[in-house]
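Report on one structure; see the data block that follows.
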Amino acid sequence: MSVSVSIRDLSKRYGTNTALSGINLDIEAGQVFGILGPNGSGKTTILRIICSILSQTSGKVSVLGYDTSLSRNDVKKRIGYVPETPLLYESLTPSEYFSFVASVRKMDQRTLADRVNNFAEAFGIDGFVNDLIGSLSFGTKQKVAIIGALLHDPDIIVLDEGMNGLDPRSAKILKDLLVDLAARGKTVIFSTHILEVAESVCDRIAILYQGTIVSVGTMKELRESSGNSETNLEDIFLKLTGNENIQEIVSSLKESLRR
Ligand code: ADP
């Protein structure tokens with residue numbers, strides 16, 4: 001498969017705060033790629049740079065051959081992005097929001113209607129499509145954002161904590177859909193805190209820690225580089241992100257509760 005996202009020597013500073021440094025990464029079409037890391041490790045920053053929403057401080061990022069700093073519109077056309085906290089128009093209904101997305105994405109009405117029906121039914125929101133978005137629950141808003149990002153059948157799908165707020169059935173549908181989209185040659189990139197999701201769905205995983213990639217590869221490669229072929233992603237993650245002393249922390253919490 002071909003490389004669809006290529007990142008070279010990427011760094012990003014917010015003022016004096018370095019969010020990313022020395023990132024080199026190739027993400028292939030036809031794969032589900034997971035980005036893991038503790039809070040503040042740079043996951044959202046890297047995803048927003050890939051989507052051409054945020055500019056890097058230095059380095060080069062190409063998406064399907066387009067430079068994200070020079071060809072923003074070409075990049076945005078090909079990406080469906082679900083931000084960590086989707087900003088939806090509270091005073092529109094999901095139905096109106098999807099029509100708005102379709103007009104921006106230049107979709108025809110029939111394709112729009114077909115897809116909205118299928119997605120709304122699959123995610124169980126068909127009873128809410130004419131309610132105001134502002135009146136919907138967090139999980140339903142998340143589903144609206146996911147559907148809005150997938151409606152135009154983008155080549156690259158980027159989800160920042162996309163499973164947040166989803167009930168188990170919808171999470172399973174989304175996971176299976178992402179795997180299926182990758183099998184059709186799309187590139188799926190997502191960040192998650194749910195390590196079981198990453199382990200079960202991702203072809204490759206990068207672990208970020210304090211703005212650098214501390215490990216990248218398939219689960220097998222991550223296990224090999226951790227020196228333990230039996231280990232699970234949670235242990236690898238905790239070891240690489242400086243959290244091996246969890247037992248001590250829990251013991252000290254238990255102690256302090258007994259005092
Ligand atoms: P993650 O998604 O892994 O939680 P982020 O990419 O949101 O990490 O943040 C990486 C680092 O950049 C953190 O130290 C965070 O505080 C900082 N950061 C993120 N956004 C901004 C911003 N708009 N201004 C200043 N610092 C920011």
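Ligands are numbered from 1 in the order shown, chains are lettered A, B, ... in the order of the structure tokens, and residues start at 1 in each chain.
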
Would you please give, as a PyMOL selection string, all residues of stretch 3-160 of chain A that DSSP assigns to strand (DSSP E or B) based on the backbone?
chain A and resi 3-14+17-28+32-36+58-63+66-67+79-82+156-160

Neighbour list for stretch 29-38 of chain A as a PDB file with all heavy atoms, in the first residue's frame, cut-off 7 Å, only C-alpha atoms, skip fewer than 3 positions in-chain:
ATOM      1  N   MET A   1       0.843  -1.213   0.000  1.00  0.00           N
ATOM      2  CA  MET A   1       0.000   0.000   0.000  1.00  0.00           C
ATOM      3  C   MET A   1       0.875   1.259   0.000  1.00  0.00           C
ATOM      4  O   MET A   1       1.996   1.225   0.498  1.00  0.00           O
ATOM      5  CB  MET A   1      -0.889   0.025   1.243  1.00  0.00           C
ATOM      6  CG  MET A   1      -2.196  -0.726   1.068  1.00  0.00           C
ATOM      7  SD  MET A   1      -3.362   0.210   0.022  1.00  0.00           S
ATOM      8  CE  MET A   1      -4.715  -0.946  -0.014  1.00  0.00           C
ATOM      9  N   SER A   2       0.321   2.368  -0.493  1.00  0.00           N
ATOM     10  CA  SER A   2       1.127   3.585  -0.581  1.00  0.00           C
ATOM     11  C   SER A   2       1.027   4.411   0.708  1.00  0.00           C
ATOM     12  O   SER A   2       0.054   4.296   1.456  1.00  0.00           O
ATOM     13  CB  SER A   2       0.628   4.418  -1.759  1.00  0.00           C
ATOM     14  OG  SER A   2      -0.730   4.686  -1.551  1.00  0.00           O
ATOM     15  N   VAL A   3       2.031   5.240   0.907  1.00  0.00           N
ATOM     16  CA  VAL A   3       2.020   6.136   2.070  1.00  0.00           C
ATOM     17  C   VAL A   3       1.037   7.265   1.772  1.00  0.00           C
ATOM     18  O   VAL A   3       1.127   7.922   0.746  1.00  0.00           O
ATOM     19  CB  VAL A   3       3.439   6.707   2.308  1.00  0.00           C
ATOM     20  CG1 VAL A   3       3.409   7.813   3.347  1.00  0.00           C
ATOM     21  CG2 VAL A   3       4.382   5.589   2.735  1.00  0.00           C
ATOM     22  N   SER A   4       0.078   7.500   2.661  1.00  0.00           N
ATOM     23  CA  SER A   4      -0.864   8.593   2.399  1.00  0.00           C
ATOM     24  C   SER A   4      -0.551   9.823   3.255  1.00  0.00           C
ATOM     25  O   SER A   4      -0.874  10.940   2.869  1.00  0.00           O
ATOM     26  CB  SER A   4      -2.304   8.144   2.596  1.00  0.00           C
ATOM     27  OG  SER A   4      -2.470   7.637   3.876  1.00  0.00           O
ATOM     28  N   SER A  41       0.297  14.954  25.569  1.00  0.00           N
ATOM     29  CA  SER A  41       1.468  14.412  24.858  1.00  0.00           C
ATOM     30  C   SER A  41       1.548  14.903  23.411  1.00  0.00           C
ATOM     31  O   SER A  41       2.550  14.684  22.742  1.00  0.00           O
ATOM     32  CB  SER A  41       1.462  12.877  24.912  1.00  0.00           C
ATOM     33  OG  SER A  41       0.262  12.391  24.368  1.00  0.00           O
ATOM     34  N   LYS A  43      -1.259  14.589  20.978  1.00  0.00           N
ATOM     35  CA  LYS A  43      -2.114  13.852  20.025  1.00  0.00           C
ATOM     36  C   LYS A  43      -2.996  14.807  19.211  1.00  0.00           C
ATOM     37  O   LYS A  43      -3.026  14.744  17.986  1.00  0.00           O
ATOM     38  CB  LYS A  43      -3.014  12.840  20.776  1.00  0.00           C
ATOM     39  CG  LYS A  43      -2.245  11.807  21.569  1.00  0.00           C
ATOM     40  CD  LYS A  43      -3.169  10.855  22.297  1.00  0.00           C
ATOM     41  CE  LYS A  43      -4.079  11.474  23.329  1.00  0.00           C
ATOM     42  NZ  LYS A  43      -3.405  12.088  24.492  1.00  0.00           N
ATOM     43  N   VAL A 179     -12.582  -0.292  10.268  1.00  0.00           N
ATOM     44  CA  VAL A 179     -11.782  -1.401   9.728  1.00  0.00           C
ATOM     45  C   VAL A 179     -12.187  -1.657   8.274  1.00  0.00           C
ATOM     46  O   VAL A 179     -11.342  -1.855   7.392  1.00  0.00           O
ATOM     47  CB  VAL A 179     -11.967  -2.669  10.600  1.00  0.00           C
ATOM     48  CG1 VAL A 179     -11.359  -3.893   9.932  1.00  0.00           C
ATOM     49  CG2 VAL A 179     -11.360  -2.452  11.985  1.00  0.00           C
ATOM     50  N   ALA A 182     -10.832   1.060   5.964  1.00  0.00           N
ATOM     51  CA  ALA A 182      -9.399   0.829   5.705  1.00  0.00           C
ATOM     52  C   ALA A 182      -9.230  -0.297   4.685  1.00  0.00           C
ATOM     53  O   ALA A 182      -8.412  -0.200   3.767  1.00  0.00           O
ATOM     54  CB  ALA A 182      -8.673   0.517   7.010  1.00  0.00           C
ATOM     55  N   ALA A 183     -10.051  -1.343   4.811  1.00  0.00           N
ATOM     56  CA  ALA A 183      -9.951  -2.468   3.860  1.00  0.00           C
ATOM     57  C   ALA A 183     -10.280  -2.002   2.449  1.00  0.00           C
ATOM     58  O   ALA A 183      -9.828  -2.587   1.469  1.00  0.00           O
ATOM     59  CB  ALA A 183     -10.895  -3.590   4.295  1.00  0.00           C
ATOM     60  N   ARG A 184     -11.081  -0.916   2.343  1.00  0.00           N
ATOM     61  CA  ARG A 184     -11.399  -0.340   1.017  1.00  0.00           C
ATOM     62  C   ARG A 184     -10.340   0.658   0.558  1.00  0.00           C
ATOM     63  O   ARG A 184     -10.548   1.392  -0.406  1.00  0.00           O
ATOM     64  CB  ARG A 184     -12.755   0.364   1.075  1.00  0.00           C
ATOM     65  CG  ARG A 184     -13.937  -0.603   0.996  1.00  0.00           C
ATOM     66  CD  ARG A 184     -15.261   0.119   1.234  1.00  0.00           C
ATOM     67  NE  ARG A 184     -15.344   1.379   0.520  1.00  0.00           N
ATOM     68  CZ  ARG A 184     -16.091   2.415   0.916  1.00  0.00           C
ATOM     69  NH1 ARG A 184     -16.795   2.342   2.025  1.00  0.00           N
ATOM     70  NH2 ARG A 184     -16.116   3.523   0.213  1.00  0.00           N
ATOM     71  N   GLY A 185      -9.216   0.739   1.267  1.00  0.00           N
ATOM     72  CA  GLY A 185      -8.110   1.594   0.818  1.00  0.00           C
ATOM     73  C   GLY A 185      -8.055   2.965   1.461  1.00  0.00           C
ATOM     74  O   GLY A 185      -7.180   3.779   1.148  1.00  0.00           O
ATOM     75  N   LYS A 186      -9.008   3.255   2.377  1.00  0.00           N
ATOM     76  CA  LYS A 186      -8.978   4.559   3.063  1.00  0.00           C
ATOM     77  C   LYS A 186      -7.906   4.534   4.150  1.00  0.00           C
ATOM     78  O   LYS A 186      -7.476   3.455   4.580  1.00  0.00           O
ATOM     79  CB  LYS A 186     -10.326   4.830   3.741  1.00  0.00           C
ATOM     80  CG  LYS A 186     -11.523   4.574   2.857  1.00  0.00           C
ATOM     81  CD  LYS A 186     -11.917   5.801   2.130  1.00  0.00           C
ATOM     82  CE  LYS A 186     -13.159   5.579   1.298  1.00  0.00           C
ATOM     83  NZ  LYS A 186     -13.361   6.670   0.362  1.00  0.00           N
ATOM     84  N   THR A 187      -7.546   5.715   4.612  1.00  0.00           N
ATOM     85  CA  THR A 187      -6.611   5.811   5.733  1.00  0.00           C
ATOM     86  C   THR A 187      -7.406   6.264   6.955  1.00  0.00           C
ATOM     87  O   THR A 187      -8.104   7.274   6.893  1.00  0.00           O
ATOM     88  CB  THR A 187      -5.535   6.882   5.443  1.00  0.00           C
ATOM     89  OG1 THR A 187      -4.988   6.619   4.153  1.00  0.00           O
ATOM     90  CG2 THR A 187      -4.444   6.867   6.491  1.00  0.00           C
ATOM     91  N   VAL A 188      -7.304   5.510   8.026  1.00  0.00           N
ATOM     92  CA  VAL A 188      -8.019   5.874   9.255  1.00  0.00           C
ATOM     93  C   VAL A 188      -6.980   6.173  10.326  1.00  0.00           C
ATOM     94  O   VAL A 188      -6.093   5.365  10.587  1.00  0.00           O
ATOM     95  CB  VAL A 188      -8.938   4.722   9.725  1.00  0.00           C
ATOM     96  CG1 VAL A 188      -9.639   5.108  11.029  1.00  0.00           C
ATOM     97  CG2 VAL A 188      -9.953   4.354   8.649  1.00  0.00           C
ATOM     98  N   ILE A 189      -7.081   7.364  10.903  1.00  0.00           N
ATOM     99  CA  ILE A 189      -6.127   7.773  11.943  1.00  0.00           C
ATOM    100  C   ILE A 189      -6.938   8.197  13.158  1.00  0.00           C
ATOM    101  O   ILE A 189      -7.831   9.042  13.030  1.00  0.00           O
ATOM    102  CB  ILE A 189      -5.267   8.971  11.480  1.00  0.00           C
ATOM    103  CG1 ILE A 189      -4.608   8.662  10.133  1.00  0.00           C
ATOM    104  CG2 ILE A 189      -4.208   9.329  12.529  1.00  0.00           C
ATOM    105  CD1 ILE A 189      -3.959   9.875   9.477  1.00  0.00           C
ATOM    106  N   PHE A 190      -6.684   7.596  14.290  1.00  0.00           N
ATOM    107  CA  PHE A 190      -7.427   8.074  15.462  1.00  0.00           C
ATOM    108  C   PHE A 190      -6.607   8.024  16.728  1.00  0.00           C
ATOM    109  O   PHE A 190      -5.704   7.217  16.881  1.00  0.00           O
ATOM    110  CB  PHE A 190      -8.762   7.340  15.621  1.00  0.00           C
ATOM    111  CG  PHE A 190      -8.685   5.920  16.073  1.00  0.00           C
ATOM    112  CD1 PHE A 190      -8.728   5.622  17.423  1.00  0.00           C
ATOM    113  CD2 PHE A 190      -8.581   4.889  15.173  1.00  0.00           C
ATOM    114  CE1 PHE A 190      -8.675   4.314  17.864  1.00  0.00           C
ATOM    115  CE2 PHE A 190      -8.520   3.573  15.591  1.00  0.00           C
ATOM    116  CZ  PHE A 190      -8.569   3.280  16.940  1.00  0.00           C
ATOM    117  N   SER A 191      -6.936   8.960  17.618  1.00  0.00           N
ATOM    118  CA  SER A 191      -6.325   8.930  18.939  1.00  0.00           C
ATOM    119  C   SER A 191      -7.345   8.320  19.881  1.00  0.00           C
ATOM    120  O   SER A 191      -8.553   8.449  19.676  1.00  0.00           O
ATOM    121  CB  SER A 191      -5.991  10.344  19.406  1.00  0.00           C
ATOM    122  OG  SER A 191      -7.172  11.046  19.667  1.00  0.00           O
ATOM    123  N   THR A 192      -6.858   7.615  20.871  1.00  0.00           N
ATOM    124  CA  THR A 192      -7.773   7.060  21.858  1.00  0.00           C
ATOM    125  C   THR A 192      -7.063   6.832  23.176  1.00  0.00           C
ATOM    126  O   THR A 192      -5.843   6.658  23.216  1.00  0.00           O
ATOM    127  CB  THR A 192      -8.408   5.732  21.368  1.00  0.00           C
ATOM    128  OG1 THR A 192      -9.336   5.274  22.358  1.00  0.00           O
ATOM    129  CG2 THR A 192      -7.371   4.653  21.117  1.00  0.00           C
ATOM    130  N   HIS A 193      -7.862   6.880  24.251  1.00  0.00           N
ATOM    131  CA  HIS A 193      -7.342   6.491  25.561  1.00  0.00           C
ATOM    132  C   HIS A 193      -7.728   5.049  25.845  1.00  0.00           C
ATOM    133  O   HIS A 193      -7.322   4.487  26.854  1.00  0.00           O
ATOM    134  CB  HIS A 193      -7.954   7.374  26.652  1.00  0.00           C
ATOM    135  CG  HIS A 193      -7.311   8.718  26.736  1.00  0.00           C
ATOM    136  ND1 HIS A 193      -5.979   8.875  27.016  1.00  0.00           N
ATOM    137  CD2 HIS A 193      -7.808   9.958  26.585  1.00  0.00           C
ATOM    138  CE1 HIS A 193      -5.695  10.162  27.024  1.00  0.00           C
ATOM    139  NE2 HIS A 193      -6.777  10.836  26.747  1.00  0.00           N
ATOM    140  N   ALA A 198      -7.545   0.331  20.656  1.00  0.00           N
ATOM    141  CA  ALA A 198      -6.353   0.448  19.807  1.00  0.00           C
ATOM    142  C   ALA A 198      -5.807  -0.942  19.481  1.00  0.00           C
ATOM    143  O   ALA A 198      -5.480  -1.249  18.326  1.00  0.00           O
ATOM    144  CB  ALA A 198      -5.299   1.280  20.521  1.00  0.00           C
ATOM    145  N   VAL A 201      -8.208  -2.798  16.964  1.00  0.00           N
ATOM    146  CA  VAL A 201      -8.586  -2.216  15.674  1.00  0.00           C
ATOM    147  C   VAL A 201      -7.390  -1.770  14.824  1.00  0.00           C
ATOM    148  O   VAL A 201      -7.450  -1.820  13.592  1.00  0.00           O
ATOM    149  CB  VAL A 201      -9.527  -0.999  15.924  1.00  0.00           C
ATOM    150  CG1 VAL A 201      -9.762  -0.208  14.675  1.00  0.00           C
ATOM    151  CG2 VAL A 201     -10.840  -1.454  16.518  1.00  0.00           C
ATOM    152  N   CYS A 202      -6.300  -1.354  15.482  1.00  0.00           N
ATOM    153  CA  CYS A 202      -5.229  -0.688  14.722  1.00  0.00           C
ATOM    154  C   CYS A 202      -4.271  -1.662  14.049  1.00  0.00           C
ATOM    155  O   CYS A 202      -3.845  -2.639  14.652  1.00  0.00           O
ATOM    156  CB  CYS A 202      -4.403   0.200  15.650  1.00  0.00           C
ATOM    157  SG  CYS A 202      -5.369   1.543  16.305  1.00  0.00           S
ATOM    158  N   ASP A 203      -3.913  -1.331  12.806  1.00  0.00           N
ATOM    159  CA  ASP A 203      -2.843  -2.077  12.135  1.00  0.00           C
ATOM    160  C   ASP A 203      -1.501  -1.624  12.686  1.00  0.00           C
ATOM    161  O   ASP A 203      -0.589  -2.428  12.856  1.00  0.00           O
ATOM    162  CB  ASP A 203      -2.896  -1.808  10.622  1.00  0.00           C
ATOM    163  CG  ASP A 203      -4.189  -2.329  10.031  1.00  0.00           C
ATOM    164  OD1 ASP A 203      -4.379  -3.547  10.053  1.00  0.00           O
ATOM    165  OD2 ASP A 203      -5.020  -1.512   9.581  1.00  0.00           O
ATOM    166  N   ARG A 204      -1.378  -0.311  12.915  1.00  0.00           N
ATOM    167  CA  ARG A 204      -0.138   0.218  13.492  1.00  0.00           C
ATOM    168  C   ARG A 204      -0.501   1.262  14.546  1.00  0.00           C
ATOM    169  O   ARG A 204      -1.558   1.892  14.476  1.00  0.00           O
ATOM    170  CB  ARG A 204       0.761   0.847  12.417  1.00  0.00           C
ATOM    171  CG  ARG A 204       1.333  -0.190  11.464  1.00  0.00           C
ATOM    172  CD  ARG A 204       2.147   0.453  10.366  1.00  0.00           C
ATOM    173  NE  ARG A 204       3.457   0.855  10.825  1.00  0.00           N
ATOM    174  CZ  ARG A 204       3.984   2.065  10.610  1.00  0.00           C
ATOM    175  NH1 ARG A 204       3.319   2.989   9.962  1.00  0.00           N
ATOM    176  NH2 ARG A 204       5.187   2.339  11.043  1.00  0.00           N
ATOM    177  N   ILE A 205       0.439   1.428  15.473  1.00  0.00           N
ATOM    178  CA  ILE A 205       0.188   2.329  16.606  1.00  0.00           C
ATOM    179  C   ILE A 205       1.441   3.167  16.835  1.00  0.00           C
ATOM    180  O   ILE A 205       2.563   2.641  16.755  1.00  0.00           O
ATOM    181  CB  ILE A 205      -0.109   1.489  17.878  1.00  0.00           C
ATOM    182  CG1 ILE A 205      -1.460   0.773  17.745  1.00  0.00           C
ATOM    183  CG2 ILE A 205      -0.074   2.349  19.141  1.00  0.00           C
ATOM    184  CD1 ILE A 205      -1.726  -0.250  18.817  1.00  0.00           C
ATOM    185  N   ALA A 206       1.253   4.457  17.131  1.00  0.00           N
ATOM    186  CA  ALA A 206       2.377   5.276  17.596  1.00  0.00           C
ATOM    187  C   ALA A 206       2.068   5.696  19.026  1.00  0.00           C
ATOM    188  O   ALA A 206       0.931   6.084  19.331  1.00  0.00           O
ATOM    189  CB  ALA A 206       2.544   6.512  16.716  1.00  0.00           C
ATOM    190  N   ILE A 207       3.063   5.607  19.891  1.00  0.00           N
ATOM    191  CA  ILE A 207       2.877   6.076  21.264  1.00  0.00           C
ATOM    192  C   ILE A 207       3.645   7.379  21.429  1.00  0.00           C
ATOM    193  O   ILE A 207       4.856   7.444  21.177  1.00  0.00           O
ATOM    194  CB  ILE A 207       3.349   5.014  22.284  1.00  0.00           C
ATOM    195  CG1 ILE A 207       2.531   3.722  22.098  1.00  0.00           C
ATOM    196  CG2 ILE A 207       3.195   5.545  23.709  1.00  0.00           C
ATOM    197  CD1 ILE A 207       2.897   2.590  23.017  1.00  0.00           C
ATOM    198  N   LEU A 208       2.902   8.433  21.783  1.00  0.00           N
ATOM    199  CA  LEU A 208       3.506   9.759  21.978  1.00  0.00           C
ATOM    200  C   LEU A 208       3.735   9.992  23.468  1.00  0.00           C
ATOM    201  O   LEU A 208       2.884   9.623  24.289  1.00  0.00           O
ATOM    202  CB  LEU A 208       2.532  10.845  21.508  1.00  0.00           C
ATOM    203  CG  LEU A 208       2.473  11.275  20.055  1.00  0.00           C
ATOM    204  CD1 LEU A 208       1.432  12.385  19.913  1.00  0.00           C
ATOM    205  CD2 LEU A 208       3.813  11.776  19.567  1.00  0.00           C
ATOM    206  N   TYR A 209       4.835  10.618  23.781  1.00  0.00           N
ATOM    207  CA  TYR A 209       5.101  10.989  25.171  1.00  0.00           C
ATOM    208  C   TYR A 209       5.855  12.299  25.156  1.00  0.00           C
ATOM    209  O   TYR A 209       6.909  12.407  24.509  1.00  0.00           O
ATOM    210  CB  TYR A 209       5.920   9.885  25.852  1.00  0.00           C
ATOM    211  CG  TYR A 209       6.195  10.136  27.320  1.00  0.00           C
ATOM    212  CD1 TYR A 209       5.161  10.441  28.202  1.00  0.00           C
ATOM    213  CD2 TYR A 209       7.488  10.062  27.834  1.00  0.00           C
ATOM    214  CE1 TYR A 209       5.400  10.667  29.541  1.00  0.00           C
ATOM    215  CE2 TYR A 209       7.735  10.281  29.179  1.00  0.00           C
ATOM    216  CZ  TYR A 209       6.683  10.588  30.031  1.00  0.00           C
ATOM    217  OH  TYR A 209       6.917  10.812  31.363  1.00  0.00           O
TER     218      TYR A 209
END

I'd like the contact shell of A:Leu132 - 12 Å cut-off, only C-alpha atoms, skipping same-chain residues fewer than 2 positions apart - returned as a PyMOL selection string.
chain A and resi 88-97+127-130+134-137+140-141+144

Using the selection just defined, write its residues with N, CA, C and O atoms as a PDB file, in the first residue's frame.
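Contents of out_32.pdb, freshly written:
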ATOM      1  N   LEU A  88     -20.640  21.976  17.020  1.00  0.00           N
ATOM      2  CA  LEU A  88     -21.759  21.852  16.089  1.00  0.00           C
ATOM      3  C   LEU A  88     -22.677  23.051  16.279  1.00  0.00           C
ATOM      4  O   LEU A  88     -22.701  23.660  17.349  1.00  0.00           O
ATOM      5  N   TYR A  89     -23.427  23.362  15.234  1.00  0.00           N
ATOM      6  CA  TYR A  89     -24.363  24.479  15.341  1.00  0.00           C
ATOM      7  C   TYR A  89     -25.559  24.040  16.176  1.00  0.00           C
ATOM      8  O   TYR A  89     -26.389  23.266  15.713  1.00  0.00           O
ATOM      9  N   GLU A  90     -25.629  24.586  17.390  1.00  0.00           N
ATOM     10  CA  GLU A  90     -26.652  24.136  18.342  1.00  0.00           C
ATOM     11  C   GLU A  90     -28.066  24.465  17.863  1.00  0.00           C
ATOM     12  O   GLU A  90     -29.012  23.792  18.234  1.00  0.00           O
ATOM     13  N   SER A  91     -28.165  25.505  17.037  1.00  0.00           N
ATOM     14  CA  SER A  91     -29.516  25.915  16.631  1.00  0.00           C
ATOM     15  C   SER A  91     -29.971  25.262  15.318  1.00  0.00           C
ATOM     16  O   SER A  91     -31.047  25.570  14.814  1.00  0.00           O
ATOM     17  N   LEU A  92     -29.141  24.362  14.786  1.00  0.00           N
ATOM     18  CA  LEU A  92     -29.588  23.575  13.626  1.00  0.00           C
ATOM     19  C   LEU A  92     -30.056  22.208  14.110  1.00  0.00           C
ATOM     20  O   LEU A  92     -29.677  21.752  15.195  1.00  0.00           O
ATOM     21  N   THR A  93     -30.834  21.524  13.271  1.00  0.00           N
ATOM     22  CA  THR A  93     -31.146  20.124  13.546  1.00  0.00           C
ATOM     23  C   THR A  93     -30.051  19.286  12.868  1.00  0.00           C
ATOM     24  O   THR A  93     -29.378  19.781  11.940  1.00  0.00           O
ATOM     25  N   PRO A  94     -29.853  18.009  13.273  1.00  0.00           N
ATOM     26  CA  PRO A  94     -28.884  17.181  12.565  1.00  0.00           C
ATOM     27  C   PRO A  94     -29.157  17.151  11.063  1.00  0.00           C
ATOM     28  O   PRO A  94     -28.243  17.229  10.245  1.00  0.00           O
ATOM     29  N   SER A  95     -30.433  17.077  10.705  1.00  0.00           N
ATOM     30  CA  SER A  95     -30.794  17.026   9.295  1.00  0.00           C
ATOM     31  C   SER A  95     -30.289  18.271   8.549  1.00  0.00           C
ATOM     32  O   SER A  95     -29.700  18.175   7.460  1.00  0.00           O
ATOM     33  N   GLU A  96     -30.492  19.444   9.167  1.00  0.00           N
ATOM     34  CA  GLU A  96     -30.017  20.692   8.540  1.00  0.00           C
ATOM     35  C   GLU A  96     -28.489  20.718   8.503  1.00  0.00           C
ATOM     36  O   GLU A  96     -27.884  21.166   7.525  1.00  0.00           O
ATOM     37  N   TYR A  97     -27.882  20.235   9.579  1.00  0.00           N
ATOM     38  CA  TYR A  97     -26.411  20.203   9.624  1.00  0.00           C
ATOM     39  C   TYR A  97     -25.853  19.312   8.503  1.00  0.00           C
ATOM     40  O   TYR A  97     -24.905  19.685   7.807  1.00  0.00           O
ATOM     41  N   GLY A 127     -34.460   8.938  15.297  1.00  0.00           N
ATOM     42  CA  GLY A 127     -35.551   9.643  15.979  1.00  0.00           C
ATOM     43  C   GLY A 127     -35.198  11.072  16.364  1.00  0.00           C
ATOM     44  O   GLY A 127     -36.048  11.822  16.845  1.00  0.00           O
ATOM     45  N   PHE A 128     -33.935  11.474  16.164  1.00  0.00           N
ATOM     46  CA  PHE A 128     -33.500  12.804  16.637  1.00  0.00           C
ATOM     47  C   PHE A 128     -33.112  13.760  15.513  1.00  0.00           C
ATOM     48  O   PHE A 128     -32.694  14.874  15.784  1.00  0.00           O
ATOM     49  N   VAL A 129     -33.181  13.297  14.259  1.00  0.00           N
ATOM     50  CA  VAL A 129     -32.601  14.113  13.184  1.00  0.00           C
ATOM     51  C   VAL A 129     -33.307  15.463  12.984  1.00  0.00           C
ATOM     52  O   VAL A 129     -32.741  16.364  12.379  1.00  0.00           O
ATOM     53  N   ASN A 130     -34.535  15.579  13.527  1.00  0.00           N
ATOM     54  CA  ASN A 130     -35.225  16.862  13.382  1.00  0.00           C
ATOM     55  C   ASN A 130     -35.307  17.648  14.692  1.00  0.00           C
ATOM     56  O   ASN A 130     -36.024  18.650  14.787  1.00  0.00           O
ATOM     57  N   GLY A 134     -28.667  21.478  19.890  1.00  0.00           N
ATOM     58  CA  GLY A 134     -28.459  21.949  21.263  1.00  0.00           C
ATOM     59  C   GLY A 134     -29.217  21.153  22.308  1.00  0.00           C
ATOM     60  O   GLY A 134     -28.844  21.158  23.482  1.00  0.00           O
ATOM     61  N   SER A 135     -30.265  20.450  21.884  1.00  0.00           N
ATOM     62  CA  SER A 135     -31.074  19.706  22.866  1.00  0.00           C
ATOM     63  C   SER A 135     -30.619  18.246  22.985  1.00  0.00           C
ATOM     64  O   SER A 135     -31.169  17.492  23.778  1.00  0.00           O
ATOM     65  N   LEU A 136     -29.617  17.860  22.192  1.00  0.00           N
ATOM     66  CA  LEU A 136     -29.229  16.434  22.167  1.00  0.00           C
ATOM     67  C   LEU A 136     -28.214  16.102  23.259  1.00  0.00           C
ATOM     68  O   LEU A 136     -27.474  16.965  23.734  1.00  0.00           O
ATOM     69  N   SER A 137     -28.148  14.825  23.618  1.00  0.00           N
ATOM     70  CA  SER A 137     -27.175  14.369  24.619  1.00  0.00           C
ATOM     71  C   SER A 137     -25.767  14.418  24.015  1.00  0.00           C
ATOM     72  O   SER A 137     -25.600  14.472  22.787  1.00  0.00           O
ATOM     73  N   THR A 140     -25.191  11.644  21.487  1.00  0.00           N
ATOM     74  CA  THR A 140     -25.891  11.835  20.204  1.00  0.00           C
ATOM     75  C   THR A 140     -25.188  12.912  19.378  1.00  0.00           C
ATOM     76  O   THR A 140     -25.020  12.777  18.156  1.00  0.00           O
ATOM     77  N   LYS A 141     -24.711  13.969  20.053  1.00  0.00           N
ATOM     78  CA  LYS A 141     -23.951  15.005  19.319  1.00  0.00           C
ATOM     79  C   LYS A 141     -22.694  14.388  18.706  1.00  0.00           C
ATOM     80  O   LYS A 141     -22.305  14.720  17.583  1.00  0.00           O
ATOM     81  N   VAL A 144     -23.589  12.666  15.617  1.00  0.00           N
ATOM     82  CA  VAL A 144     -23.857  13.629  14.539  1.00  0.00           C
ATOM     83  C   VAL A 144     -22.526  14.092  13.928  1.00  0.00           C
ATOM     84  O   VAL A 144     -22.375  14.164  12.703  1.00  0.00           O
TER      85      VAL A 144
END

Neighbours of ligand 1 at 7 Å or closer, counting only C-alpha atoms and all ligand atoms: which residues, as an MDAnalysis selection string?
chainID A and resid 14:15 17:19 37:46 211
